[in-house]
file protein.txt (compact mmCIF, C-alpha atoms and all ligand atoms)
# COMPACT_ATOMS: atom_id res chain seq x y z
CA MET I 32 -0.15 -49.56 -32.95
CA PRO I 33 2.99 -48.20 -31.28
CA GLU I 34 5.89 -48.43 -33.70
CA LEU I 35 9.63 -47.99 -33.25
CA PRO I 36 9.62 -44.18 -32.82
CA GLU I 37 6.88 -44.42 -30.19
CA VAL I 38 8.74 -47.14 -28.28
CA GLU I 39 11.97 -45.13 -28.52
CA THR I 40 10.08 -42.11 -27.11
CA VAL I 41 8.77 -44.21 -24.21
CA LYS I 42 12.25 -45.57 -23.54
CA ASN I 43 13.85 -42.10 -23.60
CA ALA I 44 11.18 -40.68 -21.27
CA LEU I 45 11.32 -43.53 -18.75
CA ALA I 46 15.00 -44.53 -18.69
CA PRO I 47 16.27 -41.60 -16.56
CA HIS I 48 13.59 -42.34 -13.94
CA LEU I 49 14.06 -46.13 -13.88
CA GLU I 50 17.75 -46.82 -14.29
CA GLY I 51 19.34 -47.38 -10.89
CA GLN I 52 15.95 -47.74 -9.16
CA PHE I 53 15.07 -50.71 -6.97
CA ILE I 54 11.75 -52.50 -7.38
CA LYS I 55 9.72 -52.92 -4.19
CA SER I 56 6.98 -55.12 -5.62
CA ILE I 57 5.05 -55.99 -8.75
CA SER I 58 1.24 -56.33 -8.88
CA PHE I 59 -1.03 -57.56 -11.65
CA TYR I 60 -4.71 -56.66 -12.03
CA THR I 61 -5.42 -59.08 -14.85
CA GLU I 62 -4.63 -62.77 -15.26
CA ARG I 63 -3.00 -62.40 -18.60
CA LEU I 64 -1.82 -60.17 -21.39
CA ARG I 65 -0.50 -62.12 -24.37
CA GLN I 66 0.89 -64.59 -21.80
CA PHE I 67 -0.28 -65.68 -18.36
CA LEU I 68 1.05 -63.34 -15.64
CA ASP I 69 2.44 -65.20 -12.62
CA VAL I 70 2.76 -62.61 -9.85
CA ASP I 71 4.77 -64.92 -7.54
CA LEU I 72 7.30 -65.69 -10.25
CA PHE I 73 7.80 -61.98 -11.00
CA ASN I 74 8.15 -60.95 -7.36
CA LYS I 75 10.55 -63.79 -6.62
CA ALA I 76 12.73 -62.71 -9.52
CA PHE I 77 12.56 -58.92 -9.25
CA SER I 78 11.42 -57.64 -5.81
CA GLY I 79 14.34 -55.84 -4.20
CA LYS I 80 16.29 -55.92 -7.46
CA GLN I 81 17.79 -52.91 -9.24
CA ILE I 82 16.91 -51.96 -12.82
CA THR I 83 20.35 -51.45 -14.36
CA ARG I 84 19.22 -50.36 -17.81
CA LEU I 85 16.08 -49.80 -19.88
CA LYS I 86 16.77 -50.63 -23.50
CA ARG I 87 14.80 -50.68 -26.74
CA ARG I 88 15.33 -53.38 -29.36
CA SER I 89 12.96 -53.29 -32.31
CA LYS I 90 9.56 -52.57 -30.71
CA TYR I 91 10.48 -54.24 -27.42
CA LEU I 92 11.43 -52.60 -24.17
CA ILE I 93 13.94 -54.60 -22.16
CA PHE I 94 14.25 -54.10 -18.40
CA GLU I 95 17.79 -55.21 -17.60
CA PHE I 96 18.91 -56.40 -14.16
CA ASP I 97 22.21 -57.46 -12.70
CA HIS I 98 21.29 -61.13 -12.73
CA GLN I 99 20.18 -63.89 -15.04
CA LYS I 100 16.61 -62.74 -15.54
CA TRP I 101 15.37 -59.73 -17.49
CA ILE I 102 11.88 -58.49 -18.39
CA LEU I 103 10.61 -58.09 -21.95
CA SER I 104 7.76 -55.66 -22.60
CA HIS I 105 5.88 -55.20 -25.87
CA LEU I 106 3.06 -52.65 -26.14
CA GLY I 107 0.96 -54.78 -28.51
CA MET I 108 -1.81 -52.73 -30.12
CA THR I 109 -2.80 -50.35 -27.33
CA GLY I 110 -0.22 -50.61 -24.52
CA SER I 111 1.39 -47.68 -22.71
CA TRP I 112 3.57 -47.12 -19.65
CA ARG I 113 3.35 -44.17 -17.30
CA LEU I 114 5.01 -43.15 -14.08
CA CYS I 115 2.91 -41.68 -11.28
CA PRO I 116 2.85 -41.29 -7.49
CA ALA I 117 2.02 -44.65 -5.85
CA ARG I 118 -1.00 -43.16 -4.03
CA GLU I 119 -2.67 -42.18 -7.30
CA GLU I 120 -5.83 -44.16 -7.99
CA ARG I 121 -5.49 -46.89 -10.58
CA LYS I 122 -7.11 -46.06 -13.92
CA LYS I 123 -9.24 -48.39 -15.98
CA HIS I 124 -7.17 -50.91 -17.99
CA GLU I 125 -4.06 -50.40 -15.85
CA HIS I 126 -3.07 -54.04 -15.53
CA ILE I 127 0.45 -53.85 -14.13
CA SER I 128 1.89 -51.81 -11.29
CA ILE I 129 5.59 -51.80 -10.50
CA LEU I 130 6.18 -50.08 -7.18
CA LEU I 131 9.59 -48.40 -6.98
CA GLU I 132 11.62 -47.64 -3.90
CA ASP I 133 11.32 -43.85 -4.40
CA GLY I 134 7.52 -44.03 -3.95
CA LYS I 135 6.66 -43.84 -7.64
CA ASP I 136 4.59 -46.42 -9.45
CA LEU I 137 5.21 -47.60 -12.99
CA ARG I 138 1.83 -48.48 -14.50
CA TYR I 139 1.04 -50.42 -17.66
CA CYS I 140 -2.28 -49.70 -19.34
CA ASP I 141 -3.56 -51.83 -22.24
CA PRO I 142 -7.30 -51.85 -23.12
CA ARG I 143 -6.97 -54.63 -25.69
CA ARG I 144 -4.39 -56.64 -23.73
CA PHE I 145 -2.33 -57.76 -26.74
CA GLY I 146 0.85 -56.55 -25.03
CA GLU I 147 3.58 -58.76 -23.63
CA PHE I 148 5.23 -58.70 -20.23
CA ARG I 149 7.42 -61.70 -19.64
CA ILE I 150 10.57 -62.96 -18.01
CA ILE I 151 13.46 -63.79 -20.33
CA SER I 152 16.99 -65.12 -19.81
CA ALA I 153 19.75 -62.51 -19.96
CA PRO I 154 22.45 -63.16 -22.58
CA THR I 155 25.92 -64.16 -21.38
CA ASN I 156 27.39 -61.12 -23.12
CA ARG I 157 25.16 -58.24 -22.02
CA ASP I 158 25.59 -56.33 -25.26
CA ASN I 159 24.20 -59.20 -27.33
CA ASP I 160 20.53 -59.87 -27.94
CA PRO I 161 18.78 -62.16 -25.48
CA GLN I 162 17.80 -65.50 -27.05
CA ALA I 163 14.16 -64.38 -27.09
CA LEU I 164 15.05 -61.69 -29.67
CA ALA I 165 17.64 -63.61 -31.72
CA HIS I 166 15.30 -63.75 -34.73
CA LEU I 167 15.39 -60.00 -35.32
CA GLY I 168 17.25 -58.30 -38.16
CA PRO I 169 19.42 -55.19 -37.69
CA GLU I 170 18.19 -51.96 -36.15
CA PRO I 171 17.49 -49.23 -38.75
CA PHE I 172 20.40 -47.13 -37.46
CA ASP I 173 22.92 -50.01 -37.36
CA GLU I 174 25.77 -50.08 -39.87
CA ALA I 175 24.61 -53.58 -40.81
CA TYR I 176 21.51 -52.04 -42.40
CA SER I 177 23.13 -50.92 -45.65
CA GLN I 178 22.61 -50.73 -49.40
CA ALA I 179 24.65 -53.93 -49.93
CA TYR I 180 22.71 -55.74 -47.23
CA LEU I 181 19.31 -54.87 -48.74
CA TRP I 182 20.50 -55.62 -52.25
CA ASN I 183 21.79 -59.10 -51.35
CA LEU I 184 18.80 -59.96 -49.20
CA SER I 185 16.25 -58.89 -51.80
CA ARG I 186 17.65 -60.82 -54.82
CA ASN I 187 15.50 -63.95 -54.35
CA LYS I 188 12.51 -62.24 -52.71
CA THR I 189 9.35 -62.27 -54.82
CA LYS I 190 7.18 -60.63 -52.16
CA PRO I 191 6.19 -56.96 -52.55
CA VAL I 192 8.80 -54.48 -51.38
CA LYS I 193 6.39 -53.07 -48.76
CA ASN I 194 6.16 -56.47 -47.05
CA PHE I 195 9.91 -56.98 -47.48
CA ILE I 196 10.89 -53.80 -45.64
CA MET I 197 8.25 -54.35 -42.94
CA ASP I 198 9.60 -57.84 -42.16
CA PRO I 199 11.54 -57.58 -38.86
CA LYS I 200 13.96 -60.18 -40.21
CA THR I 201 14.93 -57.63 -42.89
CA VAL I 202 15.19 -54.61 -40.56
CA CYS I 203 13.44 -53.79 -37.31
CA GLY I 204 10.88 -51.14 -36.72
CA ILE I 205 9.74 -50.00 -40.16
CA GLY I 206 6.06 -50.16 -39.31
CA ASN I 207 3.11 -49.59 -41.56
CA ILE I 208 3.07 -45.78 -41.56
CA TYR I 209 6.82 -45.45 -41.97
CA ALA I 210 6.93 -48.06 -44.76
CA SER I 211 4.36 -46.13 -46.84
CA GLU I 212 6.11 -42.80 -46.25
CA THR I 213 9.58 -44.22 -46.98
CA LEU I 214 8.46 -45.81 -50.27
CA PHE I 215 6.89 -42.51 -51.37
CA ARG I 216 10.15 -40.66 -50.74
CA CYS I 217 12.03 -43.32 -52.74
CA GLY I 218 9.60 -43.27 -55.68
CA VAL I 219 9.13 -47.02 -55.28
CA SER I 220 5.67 -48.59 -55.56
CA PRO I 221 4.73 -50.76 -52.57
CA LEU I 222 3.57 -53.37 -55.09
CA ARG I 223 6.95 -53.84 -56.78
CA LYS I 224 8.63 -57.20 -56.13
CA ALA I 225 11.58 -56.88 -53.74
CA GLN I 226 13.89 -58.63 -56.25
CA LYS I 227 13.12 -55.86 -58.75
CA LEU I 228 14.75 -53.22 -56.55
CA LYS I 229 17.71 -51.51 -58.21
CA LYS I 230 20.94 -50.83 -56.31
CA LYS I 231 20.05 -47.14 -56.18
CA ASP I 232 16.63 -48.00 -54.69
CA CYS I 233 18.34 -49.99 -51.93
CA LEU I 234 20.50 -47.00 -51.01
CA ASN I 235 17.48 -44.69 -51.08
CA LEU I 236 15.48 -47.09 -48.90
CA VAL I 237 18.19 -47.09 -46.23
CA VAL I 238 18.65 -43.31 -46.27
CA GLU I 239 14.96 -42.37 -46.48
CA SER I 240 13.72 -44.88 -43.89
CA GLN I 241 16.31 -43.50 -41.48
CA LYS I 242 15.18 -39.94 -42.18
CA VAL I 243 11.50 -40.81 -41.70
CA LEU I 244 12.19 -42.63 -38.43
CA LYS I 245 14.49 -39.88 -37.18
CA SER I 246 11.95 -37.12 -37.75
CA ALA I 247 9.24 -39.27 -36.15
CA ILE I 248 11.44 -39.89 -33.09
CA ALA I 249 12.22 -36.16 -32.88
CA ALA I 250 8.48 -35.45 -33.02
CA GLY I 251 7.71 -38.04 -30.36
CA GLY I 252 5.83 -40.43 -32.62
CA THR I 253 2.56 -40.07 -34.52
CA THR I 254 -0.82 -39.36 -32.97
CA ILE I 255 -2.95 -41.15 -35.57
CA ILE I 256 -2.10 -44.39 -33.86
CA ASP I 257 -3.62 -43.38 -30.57
CA PHE I 258 -0.29 -42.89 -28.92
CA GLN I 259 0.56 -40.75 -25.93
CA ALA I 260 4.06 -40.24 -24.61
CA PRO I 261 4.51 -40.99 -20.86
CA ASP I 262 4.42 -37.26 -20.08
CA GLY I 263 0.98 -36.98 -21.75
CA SER I 264 2.22 -34.94 -24.69
CA GLU I 265 1.15 -35.86 -28.19
CA GLY I 266 3.42 -36.40 -31.18
CA TRP I 267 2.93 -34.27 -34.27
CA PHE I 268 4.55 -36.39 -36.96
CA HIS I 269 1.14 -36.76 -38.63
CA GLN I 270 1.47 -33.22 -39.98
CA GLU I 271 4.33 -34.38 -42.19
CA LEU I 272 2.66 -37.40 -43.80
CA ASN I 273 2.72 -37.49 -47.61
CA VAL I 274 0.62 -40.56 -48.39
CA TYR I 275 -0.43 -42.39 -45.23
CA GLY I 276 -4.16 -42.00 -44.58
CA ARG I 277 -4.57 -39.65 -47.60
CA THR I 278 -6.62 -41.90 -49.94
CA GLY I 279 -8.28 -39.81 -52.69
CA GLU I 280 -6.39 -36.64 -51.75
CA LYS I 281 -3.96 -34.93 -54.13
CA CYS I 282 -0.27 -35.85 -54.08
CA HIS I 283 1.79 -32.90 -52.77
CA VAL I 284 4.22 -33.38 -55.68
CA CYS I 285 2.26 -34.33 -58.83
CA ASP I 286 -1.45 -33.71 -58.01
CA LYS I 287 -2.45 -37.30 -58.84
CA LEU I 288 -4.79 -38.90 -56.30
CA ILE I 289 -3.32 -41.05 -53.52
CA LYS I 290 -4.33 -44.72 -53.72
CA ARG I 291 -4.84 -47.33 -51.03
CA VAL I 292 -4.26 -51.09 -51.38
CA VAL I 293 -4.26 -53.85 -48.78
CA GLN I 294 -1.05 -55.90 -48.48
CA ALA I 295 -0.60 -58.70 -45.96
CA GLY I 296 -3.71 -57.43 -44.18
CA ARG I 297 -2.37 -53.88 -43.83
CA SER I 298 -3.25 -50.72 -45.75
CA SER I 299 -0.60 -49.32 -48.08
CA PHE I 300 -0.87 -45.79 -49.43
CA TYR I 301 0.98 -44.58 -52.52
CA CYS I 302 0.99 -42.10 -55.38
CA PRO I 303 0.57 -43.82 -58.76
CA GLY I 304 2.29 -40.86 -60.40
CA CYS I 305 5.43 -40.64 -58.25
CA GLN I 306 5.91 -44.31 -57.34
CA LYS I 307 6.78 -47.01 -59.90
ZN ZN X 1 2.74 -37.92 -56.87

call {"tool": "encode", "arguments": {"input": "protein.txt", "output": "structure tokens", "more": "lines below"}}
Ligand SMILES: [Zn+2]
result
Amino acid sequence: MPELPEVETVKNALAPHLEGQFIKSISFYTERLRQFLDVDLFNKAFSGKQITRLKRRSKYLIFEFDHQKWILSHLGMTGSWRLCPAREERKKHEHISILLEDGKDLRYCDPRRFGEFRIISAPTNRDNDPQALAHLGPEPFDEAYSQAYLWNLSRNKTKPVKNFIMDPKTVCGIGNIYASETLFRCGVSPLRKAQKLKKKDCLNLVVESQKVLKSAIAAGGTTIIDFQAPDGSEGWFHQELNVYGRTGEKCHVCDKLIKRVVQAGRSSFYCPGCQK
């Protein structure tokens, strides 16, 4: 599943090609992704309109325009965007085509079709979140995501710390891989209750999650999640993984064997020697 670093990579690759471009037309080759796709509604709102900015918030891509309607895109489990010449033949599972005025075509491919592509209302103040995303907590690189913030928020939370830091209401974009890797670096077991975090743990969580995400963004995301950047290159973050996907292998630090548990339906990986 594409996580924050993958979506950031997509945004960084596409933004220079899209910002300032005018949309000629939008076509759909499926009736629905997560929502029903109304081709007339989209063309009425966006044909002839200029994309002013492509932004990432959490795992969403936001296509901003100079009027009251914006587009929200979420890659779901298997979604990807790519830019190609308009004459290029459409590939299997390419469900959306956005024809641009410069003759390029922005294509959305999504074999499992869990992605989102929908019209949202722009906020009155363009630097604020649109209403559709008002439920999200801070971005991992915001000042608001701090030791004090995590400490206060975790005091009455009895859920495991892994689920706590993966909750987008706590902080956005710490997906499954990054949560396991961050907790390893902090020496915190994914099973520990969030309210049992010490102040020092909260600081470590902020610092280490930022480091993990930064190196993943620099590497262009991980490949184990079936992700390809829009230029076709593959990320190589998987080479740096300490616990994720390493069940039964030796810990790089203490030689104990890495364990796997399932939490909230997702696999967690940890070292019973290094993480308490
Ligand atoms: Zn260990």

call {"tool": "closest_residue", "arguments": {"input": "protein.txt", "among": "I:Gly276, I:Pro142, I:Gly107, I:Gly218", "to": "ligand ZN 1 (chain X)", "atoms": "all atoms listed in the file"}}
result
I:Gly218

call {"tool": "residues_around", "arguments": {"input": "protein.txt", "residues": "Leu114 in chain I", "least_positions_apart": "6", "cutoff": "12 Å", "atoms": "all atoms listed in the file", "output": "short mmCIF file (atom, residue, chain, number, x, y, z; two decimals) with C-alpha atoms, in the frame of the given file"}}
result
data_model
loop_
_atom_site.label_atom_id
_atom_site.label_comp_id
_atom_site.auth_asym_id
_atom_site.auth_seq_id
_atom_site.Cartn_x
_atom_site.Cartn_y
_atom_site.Cartn_z
CA VAL I 41 8.77 -44.21 -24.21
CA ALA I 44 11.18 -40.68 -21.27
CA LEU I 45 11.32 -43.53 -18.75
CA ALA I 46 15.00 -44.53 -18.69
CA PRO I 47 16.27 -41.60 -16.56
CA HIS I 48 13.59 -42.34 -13.94
CA LEU I 49 14.06 -46.13 -13.88
CA ARG I 121 -5.49 -46.89 -10.58
CA GLU I 125 -4.06 -50.40 -15.85
CA ILE I 127 0.45 -53.85 -14.13
CA SER I 128 1.89 -51.81 -11.29
CA ILE I 129 5.59 -51.80 -10.50
CA LEU I 130 6.18 -50.08 -7.18
CA LEU I 131 9.59 -48.40 -6.98
CA ASP I 133 11.32 -43.85 -4.40
CA GLY I 134 7.52 -44.03 -3.95
CA LYS I 135 6.66 -43.84 -7.64
CA ASP I 136 4.59 -46.42 -9.45
CA LEU I 137 5.21 -47.60 -12.99
CA ARG I 138 1.83 -48.48 -14.50
CA TYR I 139 1.04 -50.42 -17.66
CA CYS I 140 -2.28 -49.70 -19.34
CA ALA I 260 4.06 -40.24 -24.61
CA PRO I 261 4.51 -40.99 -20.86
CA ASP I 262 4.42 -37.26 -20.08
CA GLY I 263 0.98 -36.98 -21.75
#

call {"tool": "residues_around", "arguments": {"input": "protein.txt", "residues": "range 144-155 of chain I", "least_positions_apart": "5", "cutoff": "12 Å", "atoms": "only C-alpha atoms", "output": "PyMOL selection string"}}
result
chain I and resi 32-33+57+59-70+72-77+90-112+124-129+139+160-165

call {"tool": "closest_residue", "arguments": {"input": "protein.txt", "among": "I:Thr213, I:Gln306, I:Ser89, I:Ser299", "to": "ligand ZN 1 (chain X)", "atoms": "all atoms listed in the file"}}
result
I:Gln306

call {"tool": "residues_near_ligand", "arguments": {"input": "protein.txt", "ligand": "ligand ZN 1 (chain X)", "cutoff": "12 Å", "atoms": "all atoms listed in the file", "output": "tab-separated table (two decimals) with C-alpha atoms, in the coordinates of the input"}}
result
chain	number	residue	atom	x	y	z
I	214	LEU	CA	8.46	-45.81	-50.27
I	215	PHE	CA	6.89	-42.51	-51.37
I	216	ARG	CA	10.15	-40.66	-50.74
I	217	CYS	CA	12.03	-43.32	-52.74
I	218	GLY	CA	9.60	-43.27	-55.68
I	219	VAL	CA	9.13	-47.02	-55.28
I	220	SER	CA	5.67	-48.59	-55.56
I	273	ASN	CA	2.72	-37.49	-47.61
I	274	VAL	CA	0.62	-40.56	-48.39
I	277	ARG	CA	-4.57	-39.65	-47.60
I	279	GLY	CA	-8.28	-39.81	-52.69
I	280	GLU	CA	-6.39	-36.64	-51.75
I	281	LYS	CA	-3.96	-34.93	-54.13
I	282	CYS	CA	-0.27	-35.85	-54.08
I	283	HIS	CA	1.79	-32.90	-52.77
I	284	VAL	CA	4.22	-33.38	-55.68
I	285	CYS	CA	2.26	-34.33	-58.83
I	286	ASP	CA	-1.45	-33.71	-58.01
I	287	LYS	CA	-2.45	-37.30	-58.84
I	288	LEU	CA	-4.79	-38.90	-56.30
I	289	ILE	CA	-3.32	-41.05	-53.52
I	290	LYS	CA	-4.33	-44.72	-53.72
I	300	PHE	CA	-0.87	-45.79	-49.43
I	301	TYR	CA	0.98	-44.58	-52.52
I	302	CYS	CA	0.99	-42.10	-55.38
I	303	PRO	CA	0.57	-43.82	-58.76
I	304	GLY	CA	2.29	-40.86	-60.40
I	305	CYS	CA	5.43	-40.64	-58.25
I	306	GLN	CA	5.91	-44.31	-57.34
I	307	LYS	CA	6.78	-47.01	-59.90

call {"tool": "residues_around", "arguments": {"input": "protein.txt", "residues": "range 186-199 of chain I", "least_positions_apart": "4", "cutoff": "6 Å", "atoms": "only C-alpha atoms", "output": "VMD selection string"}}
result
chain I and resid 167 to 168 203 205 to 206 221 to 226

call {"tool": "residues_around", "arguments": {"input": "protein.txt", "residues": "Phe172 in chain I", "least_positions_apart": "6", "cutoff": "10 Å", "atoms": "only C-alpha atoms", "output": "PyMOL selection string"}}
result
chain I and resi 202-203+237-238+240-241+244-245

call {"tool": "axis_aligned_box", "arguments": {"input": "protein.txt", "around": "range 189-204 of chain I", "padding_each_side": "8 Å", "output": "lines of an AutoDock Vina configuration file"}}
result
center_x = 10.7
center_y = -56.7
center_z = -45.8
size_x = 25.0
size_y = 27.1
size_z = 34.1

call {"tool": "closest_residue", "arguments": {"input": "protein.txt", "among": "I:Pro169, I:Ser298, I:Asp141, I:Pro36", "to": "Lys122 in chain I", "atoms": "all atoms listed in the file"}}
result
I:Asp141

call {"tool": "atom_distance", "arguments": {"input": "protein.txt", "atom1": "CA of Ala247 in chain I", "atom2": "CA of Cys233 in chain I"}}
result
21.1 Å

call {"tool": "atom_distance", "arguments": {"input": "protein.txt", "atom1": "CA of Asn207 in chain I", "atom2": "CA of Arg297 in chain I"}}
result
7.3 Å

call {"tool": "closest_residue", "arguments": {"input": "protein.txt", "among": "I:Lys227, I:Ser211, I:Arg84, I:Glu120", "to": "Asp158 in chain I", "atoms": "all atoms listed in the file"}}
result
I:Arg84

call {"tool": "decode", "arguments": {"input": "protein.txt", "residues": "range 185-203 of chain I", "atoms": "N, CA and C atoms", "output": "PDB file, in the first residue's frame"}}
result
ATOM      1  N   SER I 185      -1.235  10.795  24.640  1.00  0.00           N
ATOM      2  CA  SER I 185      -1.154   9.368  24.948  1.00  0.00           C
ATOM      3  C   SER I 185      -1.592   9.030  26.383  1.00  0.00           C
ATOM      4  N   ARG I 186      -1.771  10.039  27.253  1.00  0.00           N
ATOM      5  CA  ARG I 186      -1.987   9.772  28.682  1.00  0.00           C
ATOM      6  C   ARG I 186      -3.200   8.874  28.972  1.00  0.00           C
ATOM      7  N   ASN I 187      -4.283   9.046  28.209  1.00  0.00           N
ATOM      8  CA  ASN I 187      -5.478   8.223  28.503  1.00  0.00           C
ATOM      9  C   ASN I 187      -5.696   7.136  27.448  1.00  0.00           C
ATOM     10  N   LYS I 188      -4.650   6.847  26.653  1.00  0.00           N
ATOM     11  CA  LYS I 188      -4.818   5.871  25.570  1.00  0.00           C
ATOM     12  C   LYS I 188      -4.337   4.481  26.016  1.00  0.00           C
ATOM     13  N   THR I 189      -5.284   3.538  26.059  1.00  0.00           N
ATOM     14  CA  THR I 189      -4.914   2.186  26.479  1.00  0.00           C
ATOM     15  C   THR I 189      -4.549   1.298  25.293  1.00  0.00           C
ATOM     16  N   LYS I 190      -4.745   1.812  24.068  1.00  0.00           N
ATOM     17  CA  LYS I 190      -4.416   0.969  22.908  1.00  0.00           C
ATOM     18  C   LYS I 190      -2.901   0.829  22.751  1.00  0.00           C
ATOM     19  N   PRO I 191      -2.462  -0.230  22.058  1.00  0.00           N
ATOM     20  CA  PRO I 191      -1.020  -0.422  21.866  1.00  0.00           C
ATOM     21  C   PRO I 191      -0.391   0.762  21.125  1.00  0.00           C
ATOM     22  N   VAL I 192       0.849   1.036  21.458  1.00  0.00           N
ATOM     23  CA  VAL I 192       1.540   2.199  20.899  1.00  0.00           C
ATOM     24  C   VAL I 192       1.626   2.123  19.370  1.00  0.00           C
ATOM     25  N   LYS I 193       1.729   0.900  18.825  1.00  0.00           N
ATOM     26  CA  LYS I 193       1.780   0.765  17.364  1.00  0.00           C
ATOM     27  C   LYS I 193       0.501   1.332  16.739  1.00  0.00           C
ATOM     28  N   ASN I 194      -0.645   0.962  17.293  1.00  0.00           N
ATOM     29  CA  ASN I 194      -1.915   1.463  16.758  1.00  0.00           C
ATOM     30  C   ASN I 194      -2.058   2.961  17.000  1.00  0.00           C
ATOM     31  N   PHE I 195      -1.539   3.420  18.132  1.00  0.00           N
ATOM     32  CA  PHE I 195      -1.596   4.846  18.482  1.00  0.00           C
ATOM     33  C   PHE I 195      -0.837   5.702  17.465  1.00  0.00           C
ATOM     34  N   ILE I 196       0.394   5.282  17.124  1.00  0.00           N
ATOM     35  CA  ILE I 196       1.167   6.127  16.193  1.00  0.00           C
ATOM     36  C   ILE I 196       0.727   5.943  14.738  1.00  0.00           C
ATOM     37  N   MET I 197      -0.002   4.868  14.449  1.00  0.00           N
ATOM     38  CA  MET I 197      -0.519   4.687  13.081  1.00  0.00           C
ATOM     39  C   MET I 197      -1.871   5.371  12.872  1.00  0.00           C
ATOM     40  N   ASP I 198      -2.475   5.866  13.961  1.00  0.00           N
ATOM     41  CA  ASP I 198      -3.778   6.529  13.842  1.00  0.00           C
ATOM     42  C   ASP I 198      -3.586   7.912  13.207  1.00  0.00           C
ATOM     43  N   PRO I 199      -4.194   8.185  12.046  1.00  0.00           N
ATOM     44  CA  PRO I 199      -3.982   9.487  11.408  1.00  0.00           C
ATOM     45  C   PRO I 199      -4.487  10.676  12.237  1.00  0.00           C
ATOM     46  N   LYS I 200      -5.280  10.393  13.261  1.00  0.00           N
ATOM     47  CA  LYS I 200      -5.673  11.489  14.156  1.00  0.00           C
ATOM     48  C   LYS I 200      -4.517  11.850  15.095  1.00  0.00           C
ATOM     49  N   THR I 201      -3.590  10.918  15.321  1.00  0.00           N
ATOM     50  CA  THR I 201      -2.400  11.208  16.127  1.00  0.00           C
ATOM     51  C   THR I 201      -1.393  11.979  15.276  1.00  0.00           C
ATOM     52  N   VAL I 202      -0.991  11.380  14.174  1.00  0.00           N
ATOM     53  CA  VAL I 202      -0.058  12.008  13.220  1.00  0.00           C
ATOM     54  C   VAL I 202      -0.276  11.295  11.889  1.00  0.00           C
ATOM     55  N   CYS I 203      -0.121  12.047  10.801  1.00  0.00           N
ATOM     56  CA  CYS I 203      -0.403  11.463   9.486  1.00  0.00           C
ATOM     57  C   CYS I 203       0.779  10.678   8.958  1.00  0.00           C
TER      58      CYS I 203
END
